Amino acid sequence: MRVFSARTVRWRGIIATHSWIVVKEANAPAYSRFDCTAWGEPIWIDRFVPDGRWFGRMPQVIFAADGASAERMIPRIREAVRGYAFQQLGDYRVWPGPNSNTFVAAVMGSIPEISAMLPPTAIGKDFPVDGRWIGMTPSGSGIRINLRGYAGLTVGWVERIEVNVLGAVAGVDFRRPALKLPGLGRLGAVATPCQPPTPLS
Amino acid sequence: MTMADTGRGVAACYPPHRNLTIGRDPLAELKGSAREWQPSSDRNCGARTFIPFSTARTFFDGDSGTQNFASYMGTAGPLRVENRLIDIVAFAFGLFFIVPLVISAVLYALGDRVKEWRTADRSSAGLLPPARAD
C-alpha cells in the first residue's frame, strides 16, 4: 500500500500537489490506484499508471506499508473509497476542497494505523469532510479548527502545528524537526519513515 | 520611554529605551536622547507619538514625572500594543506564506516545465516493484 503525492499540472504546481493511493493484495495480479480528479465523476480507479509521473512531475512516497499491516489496511481503504462523501459529479472543487487531497486525507484518516500526513502543499487536505469546524485531526492525535478549508489551525502529535490560510499551510514539526511551508513543502527531517515490511501471518 | 527633541516638541517612543532614564534635568535628557534616537532604525520603539513641549515639560515636574507620562500615554497604550501585534502578524505572514510561494514560483520558472500537459510523461516512476500474484 502506498500514498503518493506529486506536483500538480502546470502553474498550479507552484502551490499544490496531487495525491493518490495505490494498493495491491498479496494475490492480486495488479495494483489498484485511486484518484480523485476534477474530470467527470471524481473518483477514478486505475485510470493512471500506479506510480506514474503526474503529467511529468515525479511523485513522492508519502506513506508505505507492506506485508501483514498492508493486508489489514486494504479492505478498509477500499471501504473508505466507496464511502467517500464527495464522489458525485460536481462535488469536486479545486479550492479549497473537496479535491484530490481531501479524498486521500479522508481515506488515510479512516485508517488509524496510517501515522502519516499529506505534505503542506496538499491543498485541500484540511477540508473538513464532516463539515465540522472543530474536531479531531485525521490521525486522531490532536485538534483541528477549520473554517471550511479557507482557514484553520491544527495541533496534533502526527500533524504537529499547522496554520492554514486560504488553503496554504505553514507549520512546524518539533518531533522530527522541520518547517512546513506553502509551495516549498517540508524542509527538514523526513516526516514519517516508511514502515518496514512485516511478514504475513 | 525615549524622547527626541524635534525643535517643536518631543517625539516620544514607547515602550522604554533601555539606555535612557528620565531624571530631574529633563532638557538635558531630551537632548541626549535626540542624538541617540534614530527613528528609522529604533527597533525598541513600539510606537511613537508627538507631544508639544508645553506638555512634555510637565512630565518632569518632580519625581513623579515618569508616572505622569505613563498616565498621559495610558489611553493610547493598548492601541500601540495592537499595532505592534499587527506588525508581527504581517511579518510572520510574509515570511512563512508569501516568501515561500515566491521562491516556489521562481523555482518553477527556472525549472523544467511541462509545456503541454496532454503529451506530458505519465509513465512509471519506478517506485513500485512489478505487480505479480504472490
# chains A, B, ... in the order shown; residues from 1 in each chain; ligands from 1
call {"tool": "interface_residues", "arguments": {"of": "chain A", "to": "chain B", "cutoff": "8 Å", "atoms": "only C-alpha atoms", "output": "count of residues only"}}
result
30
call {"tool": "select_by_dssp", "arguments": {"residues": "segment 15-199 of chain A", "states": "alpha helix (DSSP H)", "output": "PyMOL selection string"}}
result
chain A and resi 67-82+100-109
call {"tool": "closest_atom_pairs", "arguments": {"of": "segment 110-146 of chain A", "to": "segment 2-8 of chain A", "cutoff": "10 Å", "atoms": "only C-alpha atoms", "output": "Markdown table"}}
result
| residue | atom | partner | partner_atom | distance |
| --- | --- | --- | --- | --- |
| A:Ala116 | CA | A:Val3 | CA | 9.7 |
| A:Met117 | CA | A:Val3 | CA | 9.7 |
| A:Leu118 | CA | A:Ser5 | CA | 7.9 |
| A:Pro119 | CA | A:Ser5 | CA | 8.1 |
| A:Thr121 | CA | A:Arg7 | CA | 8.5 |
| A:Ala122 | CA | A:Ser5 | CA | 8.0 |
call {"tool": "write_last_selection", "arguments": {"atoms": "C-alpha atoms", "output": "PDB file, in the first residue's frame"}}
result
ATOM      1  CA  ALA A 116       1.393   9.925   8.341  1.00  0.00           C
ATOM      2  CA  MET A 117       0.013  13.024   6.822  1.00  0.00           C
ATOM      3  CA  LEU A 118      -0.004  14.668   3.461  1.00  0.00           C
ATOM      4  CA  PRO A 119       2.553  17.396   2.778  1.00  0.00           C
ATOM      5  CA  THR A 121       1.474  21.530  -0.350  1.00  0.00           C
ATOM      6  CA  ALA A 122      -1.502  19.167  -0.488  1.00  0.00           C
TER       7      ALA A 122
END
call {"tool": "atom_distance", "arguments": {"atom1": "atom CA of Ala16 of chain A", "atom2": "atom CA of Phe127 of chain A"}}
result
14.3 Å
call {"tool": "atom_distance", "arguments": {"atom1": "atom CA of Ser100 of chain A", "atom2": "atom CA of Gln88 of chain A"}}
result
13.5 Å
call {"tool": "atom_distance", "arguments": {"atom1": "atom CA of Pro75 of chain A", "atom2": "atom CA of Ile134 of chain A"}}
result
28.7 Å
call {"tool": "decode", "arguments": {"residues": "segment 126-179 of chain A", "atoms": "C-alpha atoms", "output": "PDB file, in the first residue's frame"}}
result
ATOM      1  CA  ASP A 126      -7.663  20.044   5.709  1.00  0.00           C
ATOM      2  CA  PHE A 127     -11.070  20.475   4.142  1.00  0.00           C
ATOM      3  CA  PRO A 128     -13.460  19.128   6.781  1.00  0.00           C
ATOM      4  CA  VAL A 129     -15.308  16.249   5.136  1.00  0.00           C
ATOM      5  CA  ASP A 130     -17.629  16.030   8.123  1.00  0.00           C
ATOM      6  CA  GLY A 131     -18.471  19.726   7.881  1.00  0.00           C
ATOM      7  CA  ARG A 132     -17.388  20.408  11.435  1.00  0.00           C
ATOM      8  CA  TRP A 133     -15.419  23.491  12.314  1.00  0.00           C
ATOM      9  CA  ILE A 134     -13.775  21.845  15.294  1.00  0.00           C
ATOM     10  CA  GLY A 135     -12.762  18.237  15.583  1.00  0.00           C
ATOM     11  CA  MET A 136     -10.033  15.707  15.872  1.00  0.00           C
ATOM     12  CA  THR A 137      -7.216  15.642  13.360  1.00  0.00           C
ATOM     13  CA  PRO A 138      -7.340  12.897  10.713  1.00  0.00           C
ATOM     14  CA  SER A 139      -4.785  10.927  12.717  1.00  0.00           C
ATOM     15  CA  GLY A 140      -6.844  11.326  15.875  1.00  0.00           C
ATOM     16  CA  SER A 141      -3.806  12.663  17.681  1.00  0.00           C
ATOM     17  CA  GLY A 142      -4.844  16.285  18.053  1.00  0.00           C
ATOM     18  CA  ILE A 143      -7.364  19.016  17.473  1.00  0.00           C
ATOM     19  CA  ARG A 144      -8.221  20.861  14.315  1.00  0.00           C
ATOM     20  CA  ILE A 145     -10.139  24.064  13.857  1.00  0.00           C
ATOM     21  CA  ASN A 146     -11.104  24.661  10.270  1.00  0.00           C
ATOM     22  CA  LEU A 147     -13.280  27.221   8.523  1.00  0.00           C
ATOM     23  CA  ARG A 148     -14.360  25.094   5.560  1.00  0.00           C
ATOM     24  CA  GLY A 149     -10.843  24.881   4.220  1.00  0.00           C
ATOM     25  CA  TYR A 150     -10.336  28.634   3.975  1.00  0.00           C
ATOM     26  CA  ALA A 151      -8.501  28.950   7.280  1.00  0.00           C
ATOM     27  CA  GLY A 152      -7.587  26.742  10.157  1.00  0.00           C
ATOM     28  CA  LEU A 153      -5.296  25.674  12.919  1.00  0.00           C
ATOM     29  CA  THR A 154      -4.132  22.133  13.581  1.00  0.00           C
ATOM     30  CA  VAL A 155      -2.246  20.915  16.627  1.00  0.00           C
ATOM     31  CA  GLY A 156      -1.533  17.220  16.901  1.00  0.00           C
ATOM     32  CA  TRP A 157       1.072  14.598  17.587  1.00  0.00           C
ATOM     33  CA  VAL A 158       1.171  13.438  13.969  1.00  0.00           C
ATOM     34  CA  GLU A 159       0.204  16.706  12.315  1.00  0.00           C
ATOM     35  CA  ARG A 160       2.318  18.856  14.702  1.00  0.00           C
ATOM     36  CA  ILE A 161       1.407  22.538  14.409  1.00  0.00           C
ATOM     37  CA  GLU A 162      -0.063  23.873  11.188  1.00  0.00           C
ATOM     38  CA  VAL A 163      -1.711  27.144  10.260  1.00  0.00           C
ATOM     39  CA  ASN A 164      -3.937  27.185   7.214  1.00  0.00           C
ATOM     40  CA  VAL A 165      -4.536  30.494   5.445  1.00  0.00           C
ATOM     41  CA  LEU A 166      -6.689  30.259   2.329  1.00  0.00           C
ATOM     42  CA  GLY A 167      -5.592  26.653   1.894  1.00  0.00           C
ATOM     43  CA  ALA A 168      -1.885  27.422   2.103  1.00  0.00           C
ATOM     44  CA  VAL A 169      -0.341  25.648   5.058  1.00  0.00           C
ATOM     45  CA  ALA A 170       2.644  26.670   7.149  1.00  0.00           C
ATOM     46  CA  GLY A 171       3.754  24.877  10.245  1.00  0.00           C
ATOM     47  CA  VAL A 172       6.456  23.425  12.356  1.00  0.00           C
ATOM     48  CA  ASP A 173       7.320  19.918  13.418  1.00  0.00           C
ATOM     49  CA  PHE A 174       9.206  19.681  16.677  1.00  0.00           C
ATOM     50  CA  ARG A 175       9.235  15.904  16.942  1.00  0.00           C
ATOM     51  CA  ARG A 176      11.016  15.410  13.628  1.00  0.00           C
ATOM     52  CA  PRO A 177      12.426  18.892  13.281  1.00  0.00           C
ATOM     53  CA  ALA A 178      11.174  20.545  10.146  1.00  0.00           C
ATOM     54  CA  LEU A 179       9.447  23.589   8.787  1.00  0.00           C
TER      55      LEU A 179
END
